[in-house]
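Colleague: Just so it is clear, I am handing over coords-v1.txt, which has compact mmCIF, C-alpha atoms.
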# COMPACT_ATOMS: atom_id res chain seq x y z
CA PRO A 440 24.20 -22.28 -60.79
CA LEU A 441 23.61 -19.18 -62.89
CA CYS A 442 21.41 -17.53 -60.26
CA ALA A 443 24.13 -17.11 -57.64
CA PRO A 444 24.06 -14.80 -54.60
CA ALA A 445 24.70 -11.19 -55.55
CA ALA A 446 28.26 -10.00 -55.05
CA PRO A 447 28.46 -7.50 -52.20
CA THR A 448 30.83 -5.40 -54.27
CA GLY A 449 28.37 -4.91 -57.18
CA PRO A 450 28.64 -2.33 -59.97
CA GLY A 451 29.82 1.01 -58.71
CA ALA A 452 32.37 -0.48 -56.31
CA PRO A 453 36.06 0.08 -57.08
CA ARG A 454 37.25 -3.17 -58.65
CA GLY A 455 39.35 -3.54 -61.81
CA THR A 456 37.68 -0.67 -63.64
CA GLU A 457 40.99 1.18 -63.88
CA ARG A 458 41.51 -0.83 -67.07
CA TYR A 459 38.77 1.18 -68.80
CA ASP A 460 38.75 4.72 -70.11
CA ALA A 461 36.69 7.29 -68.22
CA GLU A 462 33.68 7.04 -70.53
CA THR A 463 33.51 3.24 -70.37
CA ARG A 464 34.04 3.22 -66.62
CA ALA A 465 31.20 5.71 -66.18
CA ARG A 466 28.89 3.52 -68.27
CA LEU A 467 29.71 0.43 -66.18
CA GLU A 468 28.90 2.32 -62.98
CA ASP A 469 25.77 4.24 -64.08
CA ASN A 470 23.23 1.73 -62.69
CA ARG A 471 22.02 0.99 -66.23
CA ILE A 472 22.32 -2.43 -67.87
CA GLU A 473 23.05 -2.19 -71.60
CA TYR A 474 23.45 -5.20 -73.85
CA ASP A 475 26.89 -4.25 -75.16
CA GLU A 476 28.20 -3.91 -71.57
CA LEU A 477 27.38 -7.47 -70.51
CA ARG A 478 30.84 -8.95 -71.10
CA ALA A 479 32.57 -6.25 -69.04
CA LEU A 480 29.95 -6.42 -66.29
CA ILE A 481 30.33 -10.19 -66.04
CA HIS A 482 34.12 -9.84 -65.91
CA GLU A 483 34.05 -7.23 -63.17
CA TYR A 484 31.03 -8.05 -61.03
CA ASN A 485 29.64 -11.53 -61.58
CA PRO A 486 29.71 -13.27 -58.17
CA ASN A 487 31.25 -16.39 -59.71
CA VAL A 488 33.75 -14.85 -62.13
CA ALA A 489 34.98 -11.77 -60.26
CA PRO A 490 36.41 -13.73 -57.27
CA LEU A 491 38.30 -16.03 -59.67
CA TRP A 492 40.01 -13.05 -61.29
CA ASP A 493 40.67 -11.52 -57.85
CA THR A 494 42.44 -14.70 -56.74
CA TYR A 495 44.41 -14.81 -59.98
CA ARG A 496 45.53 -11.18 -59.61
CA ASP A 497 46.43 -11.73 -55.95
CA SER A 498 48.55 -14.72 -56.98
CA LYS A 499 50.32 -12.54 -59.53
CA GLU A 500 51.07 -9.90 -56.90
CA ASP A 501 52.40 -12.50 -54.45
CA PHE A 502 54.56 -14.10 -57.15
CA ALA A 503 55.84 -10.70 -58.32
CA ASN A 504 56.87 -9.87 -54.75
CA ILE A 505 58.89 -13.09 -54.60
CA VAL A 506 60.62 -12.24 -57.89
CA THR A 507 61.46 -8.75 -56.66
CA GLU A 508 62.93 -10.19 -53.46
CA MET A 509 65.04 -12.65 -55.44
CA GLU A 510 66.25 -9.87 -57.73
CA SER A 511 67.30 -7.84 -54.70
CA GLN A 512 69.32 -10.80 -53.46
CA TYR A 513 71.26 -11.20 -56.70
CA ALA A 514 74.15 -9.02 -55.50
CA ALA A 515 74.73 -11.42 -52.63
CA VAL A 516 74.50 -14.47 -54.91
CA LYS A 517 76.92 -12.85 -57.40
CA SER A 518 79.37 -12.11 -54.59
CA LEU A 519 79.16 -15.74 -53.49
CA ALA A 520 79.73 -16.94 -57.07
CA GLU A 521 82.73 -14.64 -57.50
CA GLY A 522 84.11 -16.04 -54.27
CA TYR A 523 83.93 -19.57 -55.69
CA ILE A 524 85.57 -18.42 -58.92
CA SER A 525 88.39 -16.62 -57.10
CA ALA A 526 88.97 -19.59 -54.84
CA GLY A 527 89.09 -21.86 -57.85
CA LYS A 528 91.66 -19.72 -59.53
CA LEU A 529 93.79 -19.54 -56.39
CA THR A 530 93.64 -23.27 -55.80
CA GLY A 531 93.68 -24.28 -59.45
CA SER A 532 90.36 -26.06 -58.99
CA LYS A 533 88.36 -25.95 -62.22
CA GLU A 534 85.41 -27.58 -60.45
CA LEU A 535 85.25 -24.77 -57.89
CA SER A 536 85.43 -22.08 -60.60
CA LYS A 537 82.78 -23.92 -62.63
CA ALA A 538 80.54 -24.08 -59.57
CA GLY A 539 80.81 -20.31 -59.22
CA TYR A 540 79.92 -19.69 -62.84
CA ASP A 541 77.03 -22.21 -62.62
CA VAL A 542 75.60 -20.57 -59.48
CA ASP A 543 75.62 -17.13 -61.11
CA ARG A 544 74.22 -18.34 -64.44
CA SER A 545 71.53 -20.59 -62.89
CA TYR A 546 70.32 -17.91 -60.47
CA ARG A 547 70.06 -15.31 -63.23
CA LYS A 548 68.22 -17.80 -65.46
CA ILE A 549 65.73 -18.72 -62.74
CA VAL A 550 65.03 -15.08 -61.83
CA GLN A 551 64.69 -14.05 -65.48
CA GLY A 552 62.30 -16.93 -66.11
CA MET A 553 60.19 -15.88 -63.15
CA ARG A 554 60.26 -12.23 -64.24
CA ASP A 555 59.15 -13.26 -67.75
CA ARG A 556 56.26 -15.18 -66.21
CA VAL A 557 55.17 -12.08 -64.29
CA ASP A 558 55.42 -9.95 -67.42
CA LYS A 559 53.30 -12.41 -69.39
CA TRP A 560 50.93 -13.18 -66.51
CA ASP A 561 47.89 -11.38 -67.93
CA THR A 562 48.35 -12.76 -71.46
CA ASP A 563 49.16 -16.36 -70.52
CA LYS A 564 46.07 -18.13 -71.82
CA LYS A 565 47.06 -21.48 -70.34
CA SER A 566 46.88 -20.06 -66.83
CA THR A 567 43.49 -18.44 -67.40
CA ASN A 568 41.75 -20.88 -69.74
CA MET A 569 39.37 -22.20 -67.10
CA ILE A 570 38.44 -18.73 -65.85
CA ARG A 571 37.88 -17.49 -69.40
CA MET A 572 35.70 -20.50 -70.19
CA VAL A 573 33.52 -19.88 -67.14
CA GLU A 574 33.34 -16.17 -68.00
CA ARG A 575 32.31 -16.89 -71.59
CA GLN A 576 29.68 -19.40 -70.52
CA LEU A 577 28.19 -16.94 -68.04
CA THR A 578 28.31 -14.11 -70.57
CA ALA A 579 26.45 -16.26 -73.11
CA GLY A 580 23.90 -17.19 -70.46
CA THR A 581 23.47 -13.57 -69.42
CA GLN A 582 22.96 -12.48 -73.02
CA SER A 583 20.21 -15.09 -73.33
CA ALA A 584 18.67 -13.88 -70.09
CA MET A 585 18.62 -10.26 -71.32
CA ILE A 586 17.22 -11.29 -74.70
CA GLY A 587 14.56 -13.24 -72.83
CA TYR A 588 13.82 -10.23 -70.65
CA GLU A 589 13.50 -7.96 -73.69
CA THR A 590 11.23 -10.50 -75.41
CA ILE A 591 8.92 -10.62 -72.40
CA ARG A 592 8.95 -6.82 -72.04
CA GLN A 593 8.01 -6.32 -75.68
CA ASN A 594 5.27 -8.94 -75.41
CA ILE A 595 3.90 -7.16 -72.34
CA ALA A 596 3.82 -3.82 -74.17
CA THR A 597 2.00 -5.49 -77.07
CA LEU A 598 -0.47 -7.27 -74.80
CA GLU A 599 -1.25 -4.11 -72.83
CA THR A 600 -2.28 -2.47 -76.10
CA MET A 601 -4.09 -5.60 -77.22
CA VAL A 602 -6.08 -5.75 -73.96
CA GLN A 603 -7.27 -2.19 -74.54
CA LEU A 604 -8.27 -3.04 -78.10
CA TYR A 605 -9.96 -6.28 -77.07
CA GLU A 606 -11.87 -4.35 -74.38
CA GLN A 607 -13.14 -2.01 -77.09
CA GLN A 608 -13.96 -4.98 -79.29
CA ALA A 609 -15.82 -6.80 -76.51
CA ASP A 610 -17.72 -3.63 -75.59
CA MET A 611 -18.77 -3.11 -79.20
CA ALA A 612 -19.77 -6.76 -79.53
CA GLY A 613 -21.93 -6.44 -76.41
CA ARG A 614 -23.67 -3.31 -77.71
CA MET A 615 -24.20 -4.86 -81.15
CA ALA A 616 -25.56 -8.04 -79.59
CA GLY A 617 -28.01 -5.91 -77.60
CA LEU A 618 -29.18 -4.37 -80.85
CA GLY A 619 -29.47 -7.75 -82.51
CA MET A 620 -26.57 -6.95 -84.86
CA ALA A 621 -24.22 -9.60 -83.45
CA THR A 622 -24.68 -13.17 -82.28
CA GLU A 623 -23.93 -14.61 -78.86
CA THR A 624 -21.10 -16.50 -80.56
CA ASP A 625 -19.57 -13.20 -81.69
CA LEU A 626 -19.83 -11.83 -78.14
CA ALA A 627 -18.34 -14.98 -76.60
CA SER A 628 -15.45 -14.89 -79.08
CA ALA A 629 -14.67 -11.25 -78.27
CA ASN A 630 -14.74 -11.93 -74.52
CA ALA A 631 -12.57 -15.01 -74.96
CA ASP A 632 -9.92 -12.97 -76.77
CA LEU A 633 -9.97 -10.41 -73.95
CA LEU A 634 -9.71 -13.00 -71.18
CA SER A 635 -6.87 -14.79 -72.97
CA ALA A 636 -4.90 -11.56 -73.40
CA ARG A 637 -5.40 -10.61 -69.73
CA SER A 638 -4.26 -14.07 -68.60
CA GLN A 639 -1.16 -13.95 -70.79
CA LEU A 640 -0.37 -10.45 -69.52
CA ALA A 641 -0.52 -11.52 -65.87
CA SER A 642 1.72 -14.51 -66.58
CA LEU A 643 4.27 -12.42 -68.47
CA ASN A 644 4.48 -9.81 -65.72
CA SER A 645 5.41 -12.58 -63.28
CA GLN A 646 8.02 -13.97 -65.70
CA LEU A 647 9.46 -10.50 -66.25
CA GLU A 648 10.15 -9.98 -62.55
CA SER A 649 11.76 -13.40 -62.20
CA THR A 650 13.99 -12.80 -65.23
CA ARG A 651 14.89 -9.30 -63.97
CA ARG A 652 16.09 -10.67 -60.62
CA THR A 653 18.14 -13.38 -62.32
CA LEU A 654 19.74 -10.83 -64.65
CA CYS A 655 20.61 -8.56 -61.73
CA MET A 656 22.24 -11.35 -59.76
CA LEU A 657 24.26 -12.50 -62.77
CA LEU A 658 25.70 -8.98 -63.04
CA GLY A 659 26.39 -8.54 -59.34
CA TYR A 660 23.50 -6.18 -58.63
CA ASP A 661 21.28 -6.42 -55.60
CA PRO A 662 17.95 -7.32 -57.28
CA ASP A 663 16.16 -4.85 -55.00
CA SER A 664 18.32 -1.98 -56.29
CA ASN A 665 16.28 -1.89 -59.52
CA PRO A 666 18.92 -0.89 -62.07
CA GLU A 667 17.55 0.31 -65.39
CA ILE A 668 17.54 -2.48 -67.97
CA CYS A 669 17.87 -0.73 -71.32
CA PRO A 670 16.15 -1.93 -74.51
CA ILE A 671 18.27 -4.06 -76.83
CA PRO A 672 19.09 -2.18 -80.07
CA GLU A 673 17.97 -3.41 -83.48
CA PHE A 674 20.11 -6.29 -84.74
CA ASP A 675 23.11 -5.21 -86.82
CA MET A 676 22.71 -7.06 -90.12
CA ALA A 677 26.38 -6.37 -90.94
CA ARG A 678 27.29 -9.15 -88.50
CA ILE A 679 25.87 -11.70 -90.91
CA GLY A 680 28.13 -10.38 -93.67
CA GLY A 681 31.11 -11.24 -91.48
CA MET A 682 30.21 -14.94 -91.30
CA ASP A 683 32.37 -17.45 -93.17
CA LEU A 684 31.23 -20.98 -92.37
CA GLU A 685 34.40 -22.70 -93.59
CA GLN A 686 36.83 -20.44 -91.74
CA ASP A 687 34.57 -20.13 -88.70
CA THR A 688 34.39 -23.93 -88.44
CA ILE A 689 38.20 -24.15 -88.45
CA LYS A 690 38.31 -21.56 -85.65
CA ALA A 691 35.58 -23.36 -83.72
CA ILE A 692 37.49 -26.65 -83.88
CA GLY A 693 40.64 -24.91 -82.64
CA ASN A 694 38.84 -23.10 -79.82
CA ASN A 695 36.36 -25.75 -78.66
CA TYR A 696 36.97 -26.62 -75.02
CA THR A 697 35.79 -30.22 -75.37
CA LEU A 698 38.06 -30.84 -78.37
CA ILE A 699 41.00 -29.12 -76.67
CA SER A 700 40.56 -31.50 -73.73
CA GLN A 701 40.56 -34.45 -76.14
CA ARG A 702 43.64 -33.19 -77.99
CA THR A 703 45.60 -32.66 -74.77
CA SER A 704 44.64 -36.03 -73.26
CA PRO A 705 47.34 -38.73 -72.86
CA ALA A 706 48.31 -40.19 -76.22
CA GLY A 707 48.23 -43.74 -74.91
CA GLU A 708 50.94 -46.39 -74.87
CA SER A 709 49.76 -49.06 -77.27
CA SER A 710 48.98 -48.63 -80.95
CA ALA A 711 45.33 -49.42 -80.23
CA GLN A 712 45.11 -46.70 -77.57
CA ILE A 713 46.75 -44.15 -79.84
CA ALA A 714 44.42 -45.05 -82.72
CA ALA A 715 41.36 -44.91 -80.46
CA ARG A 716 42.31 -41.46 -79.18
CA LEU A 717 42.86 -40.13 -82.70
CA GLY A 718 39.52 -41.61 -83.71
CA VAL A 719 37.73 -39.82 -80.88
CA ILE A 720 39.37 -36.52 -81.86
CA GLU A 721 38.46 -36.93 -85.54
CA GLU A 722 34.88 -37.89 -84.70
CA GLY A 723 34.56 -34.87 -82.40
CA GLU A 724 35.77 -32.53 -85.13
CA GLN A 725 33.29 -34.02 -87.60
CA LYS A 726 30.41 -33.63 -85.14
CA LEU A 727 31.37 -30.03 -84.43
CA SER A 728 31.48 -29.32 -88.17
CA VAL A 729 27.90 -30.59 -88.44
CA GLU A 730 26.89 -28.48 -85.44
CA MET A 731 28.43 -25.38 -87.02
CA GLN A 732 26.43 -26.02 -90.19
CA ARG A 733 23.28 -26.27 -88.07
CA LEU A 734 24.00 -23.02 -86.24
CA TYR A 735 24.83 -21.28 -89.51
CA GLN A 736 21.56 -22.43 -91.05
CA GLN A 737 19.71 -21.28 -87.94
CA VAL A 738 21.09 -17.77 -88.53
CA MET A 739 20.05 -17.87 -92.19
CA ASP A 740 16.55 -19.12 -91.29
CA SER A 741 16.20 -16.45 -88.60
CA LYS A 742 17.33 -13.81 -91.07
CA ALA A 743 14.68 -14.93 -93.59
CA ALA A 744 12.02 -14.92 -90.85
CA TYR A 745 13.04 -11.42 -89.79
CA GLU A 746 12.92 -10.13 -93.35
CA ALA A 747 9.46 -11.66 -93.85
CA ALA A 748 8.26 -10.17 -90.55
CA SER A 749 9.64 -6.77 -91.58
CA VAL A 750 7.72 -6.91 -94.86
CA GLY A 751 4.58 -7.90 -92.98
CA PHE A 752 5.03 -5.02 -90.53
CA GLU A 753 5.54 -2.49 -93.32
CA ALA A 754 2.31 -3.69 -94.94
CA ALA A 755 0.50 -3.43 -91.59
CA GLN A 756 1.80 0.12 -91.15
CA ALA A 757 0.41 1.07 -94.54
CA SER A 758 -2.92 -0.62 -93.78
CA GLN A 759 -3.18 1.11 -90.41
CA ALA A 760 -2.46 4.53 -91.95
CA ALA A 761 -5.07 3.92 -94.65
CA ALA A 762 -7.59 2.66 -92.09
CA GLY A 763 -7.02 5.79 -89.99
CA ARG A 764 -7.86 8.02 -92.92
CA GLN A 765 -10.92 5.95 -93.85
CA TYR A 766 -12.16 5.96 -90.26
CA GLN A 767 -11.86 9.77 -90.06
CA LEU A 768 -13.88 10.04 -93.27
CA GLY A 769 -16.57 7.71 -91.94
CA LEU A 770 -15.76 5.04 -94.49
CA LEU A 771 -14.79 2.47 -91.86
CA SER A 772 -16.72 1.32 -88.81
CA GLN A 773 -15.17 1.42 -85.34
CA ALA A 774 -15.13 -2.37 -85.23
CA GLN A 775 -13.26 -2.54 -88.53
CA TYR A 776 -10.81 0.14 -87.40
CA VAL A 777 -10.09 -1.70 -84.15
CA GLY A 778 -9.50 -4.84 -86.19
CA THR A 779 -6.78 -3.10 -88.24
CA GLN A 780 -5.14 -1.85 -85.06
CA ILE A 781 -5.09 -5.39 -83.66
CA ALA A 782 -3.51 -6.67 -86.88
CA TYR A 783 -0.91 -3.87 -86.70
CA CYS A 784 0.04 -4.79 -83.11
CA GLN A 785 0.38 -8.44 -84.06
CA LYS A 786 2.67 -7.68 -87.01
CA LYS A 787 4.76 -5.28 -84.90
CA ALA A 788 5.16 -7.96 -82.23
CA ALA A 789 6.13 -10.52 -84.89
CA LYS A 790 8.90 -8.25 -86.20
CA GLU A 791 10.25 -7.51 -82.71
CA SER A 792 10.25 -11.21 -81.85
CA ALA A 793 12.01 -12.10 -85.12
CA ASN A 794 14.66 -9.44 -84.44
CA LEU A 795 15.50 -10.93 -81.04
CA SER A 796 15.44 -14.49 -82.40
CA LEU A 797 17.96 -13.46 -85.05
CA LEU A 798 20.17 -11.86 -82.40
CA GLN A 799 20.08 -15.03 -80.30
CA ALA A 800 20.89 -17.20 -83.32
CA MET A 801 23.85 -14.95 -84.16
CA GLU A 802 25.12 -15.05 -80.57
CA ASN A 803 24.87 -18.86 -80.53
CA TYR A 804 26.96 -19.01 -83.71
CA GLY A 805 29.49 -16.50 -82.41
CA TRP A 806 30.00 -18.34 -79.12
CA ALA A 807 30.40 -21.61 -81.03
CA VAL A 808 33.28 -20.05 -82.96
CA MET A 809 34.81 -19.01 -79.64
CA GLY A 810 34.70 -22.56 -78.30
CA LEU A 811 31.38 -22.95 -76.48
CA ALA A 812 29.53 -25.22 -78.91
CA SER A 813 28.56 -28.56 -77.44
CA VAL A 814 29.98 -31.59 -79.21
CA PRO A 815 27.19 -34.21 -79.37
CA ASP A 816 28.00 -37.60 -77.85
Could you spell out this file's structure in structure tokens?

Modeller:
Amino acid sequence: PLCAPAAPTGPGAPRGTERYDAETRARLEDNRIEYDELRALIHEYNPNVAPLWDTYRDSKEDFANIVTEMESQYAAVKSLAEGYISAGKLTGSKELSKAGYDVDRSYRKIVQGMRDRVDKWDTDKKSTNMIRMVERQLTAGTQSAMIGYETIRQNIATLETMVQLYEQQADMAGRMAGLGMATETDLASANADLLSARSQLASLNSQLESTRRTLCMLLGYDPDSNPEICPIPEFDMARIGGMDLEQDTIKAIGNNYTLISQRTSPAGESSAQIAARLGVIEEGEQKLSVEMQRLYQQVMDSKAAYEAASVGFEAAQASQAAAGRQYQLGLLSQAQYVGTQIAYCQKKAAKESANLSLLQAMENYGWAVMGLASVPD
């Protein structure tokens, strides 16, 4: 499960951070969670992923020690081979000489092959495919968790302001009703808005804490250590410019873990089995192509929604500024001014929500290209 027990080694403990420069290493160990650090934090400290890499590195060290020992024994093997060769020459036995040459050549070939494996250990994708898949899945899940956390946090900030404004609105409605300038319906509506905002705020605060604890555990933090969870920066629109549906679909088909499994499955013995396997592979590629089109369109729709929300927020900013000036000049009542502030908060919240929705849509597309898209049955 995603919400696994926190790793006792957590951020700040000496793990594989020697692979990073001093600045990056300091960022990973500063007790602050930043969105662009999530992949590295998952790699180093996630309680599911980190032990897998530890085991893999330990296996490399053990294997390398064996290779070094075999290399140190080559002098003895060579001496033995030369003995066979000399004996063959003395006795005229070609088989004995050949055995000597074969022993020397085979031993060197085996040791060199093992040394090459050690040298390529960290870049051998076949050996690490499963670990990388798990790491990518957890990174994608953690990104979603942090986007969810940021969404809740922004909604809380908006609702806290809205509660204050609704309190003013309800208070004004009560005073106006007392003066006969507002109906009981107006008063009930104002109080209903206030109660609804307070209820939503209480619910969101509970969700925020639950999401915070999950995020901490995913990154190897003790949830009670309260690391700082930094705001997610504004979405970089340049990422959309880098999308190429046709080429990205080709990459997604090549990288998709489900399709790779299908392509590497036994070919079958009969013509019918071979044809059936090829049919499954072709159908999977077609389904993934459709899924990529859906994810691409989701990005485009989210982009349009964000742009519309941005326009709406800019208009609300202008209206709020104008309302502020009118209110100072006595040209706008307090109730009207509060109404413009409420509208401003709503438009601001809409833009912030659209920004995070666009980020999530872009991440979904990006992970699909990297092989994580589900292929519908």

Colleague: Rank nothing, just name the residue among A:Leu519, A:Met801, A:Leu698, A:Val719 nearest to A:Ser813, using all atoms listed in the file.

Modeller: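 Checking each of A:Leu519, A:Met801, A:Leu698, A:Val719 against A:Ser813, counting all atoms listed in the file, the winner is A:Leu698.
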
Colleague: Which residue, A:Arg544, A:Met553, A:Ala754, A:Glu685, has the smallest gap to A:Val729 when you use all atoms listed in the file?

Modeller: A:Glu685

Colleague: Report, in Å to a single decimal, how far apart atom CA of A:Phe752 and atom CA of A:Lys787 are.

Modeller: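 Those two atoms sit 5.6 Å apart.
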
Colleague: Please put the answer as AutoDock Vina command-line options: centre and edge lengths, in Å with one decimal, of a box along x, y and z that encloses all listed atoms of stretch 542-551 of chain A plus 5 Å on each side.

Modeller:
--center_x 70.2 --center_y -17.3 --center_z -62.5 --size_x 20.9 --size_y 16.5 --size_z 16.0

Colleague: Using all atoms listed in the file, determine which residues lie at most 10 Å from A:Arg547, disregarding the query and same-chain residues fewer than 3 positions distant; provide the list as a PyMOL selection string.

Modeller: chain A and resi 509-510+513+516-517+541-544+550-553

Colleague: What does the structure give for the distance between atom CA of A:Thr650 and atom CA of A:Asn568, in Å to one decimal?

Modeller: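 Computed distance, atom CA of A:Thr650 to atom CA of A:Asn568, equals 29.3 Å.
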
Colleague: If we count only C-alpha atoms, what is near stretch 740-743 of chain A at a cut-off of 10 Å, once residues fewer than 5 positions away on the same chain are taken out, given as a VMD selection string?

Modeller: chain A and resid 676 679 734 to 735 748 to 749 793 to 801

Colleague: Please indicate the distance in Å from atom CA of A:Tyr696 to atom CA of A:Gly680, rounded to one decimal place.

Modeller: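 So the two atoms, atom CA of A:Tyr696 and atom CA of A:Gly680, lie 26.3 Å apart.
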
Colleague: Calculated over only C-alpha atoms, which of the candidates A:Val808, A:Ala520, A:Ala706, A:Ala788 has the smallest distance to A:Ile692?

Modeller: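 Of A:Val808, A:Ala520, A:Ala706, A:Ala788, the one nearest A:Ile692, counting only C-alpha atoms, is A:Val808.
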
Colleague: With all atoms listed in the file as the atoms that count, which of A:Ala774, A:Leu717, A:Ala489, A:Cys655 lies nearest to A:Arg471?

Modeller: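 Answer, going by the shortest atom-to-atom distance: A:Cys655.
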
Colleague: Which residue is closest to A:Tyr495? Choose from A:Arg554, A:Lys533, A:Arg571, A:Ser525 and count all atoms listed in the file.

Modeller: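 Of all the options, A:Arg571 lies closest to A:Tyr495.
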
Colleague: Select, from A:Gln582, A:Ala807, A:Asn485, A:Gln780, the residue with the minimum atom-to-atom distance to A:Thr600, counting all atoms listed in the file.

Modeller: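 Distance minimum relative to A:Thr600 lands on A:Gln780.
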
Colleague: For stretch 631-644 of chain A, list every protein, DNA or RNA residue within 7 Å, evaluated using only C-alpha atoms, and leave out those in the same chain fewer than 2 positions away; present the list as a list in words.

Modeller: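 Neighbouring residues, sequence-local ones excluded: Ile591, Ile595, Leu598, Val602, Tyr605, Glu606, Ala627, Ser628, Ala629, Gln646, Leu647 and Glu648 of chain A.
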
Colleague: So which residues fall inside 12 Å of (33.6, -19.6, -66.9) if we count only C-alpha atoms? Mind giving them as a PyMOL selection string?

Modeller: chain A and resi 440-441+478+481-482+485-492+567-580+696+810-811
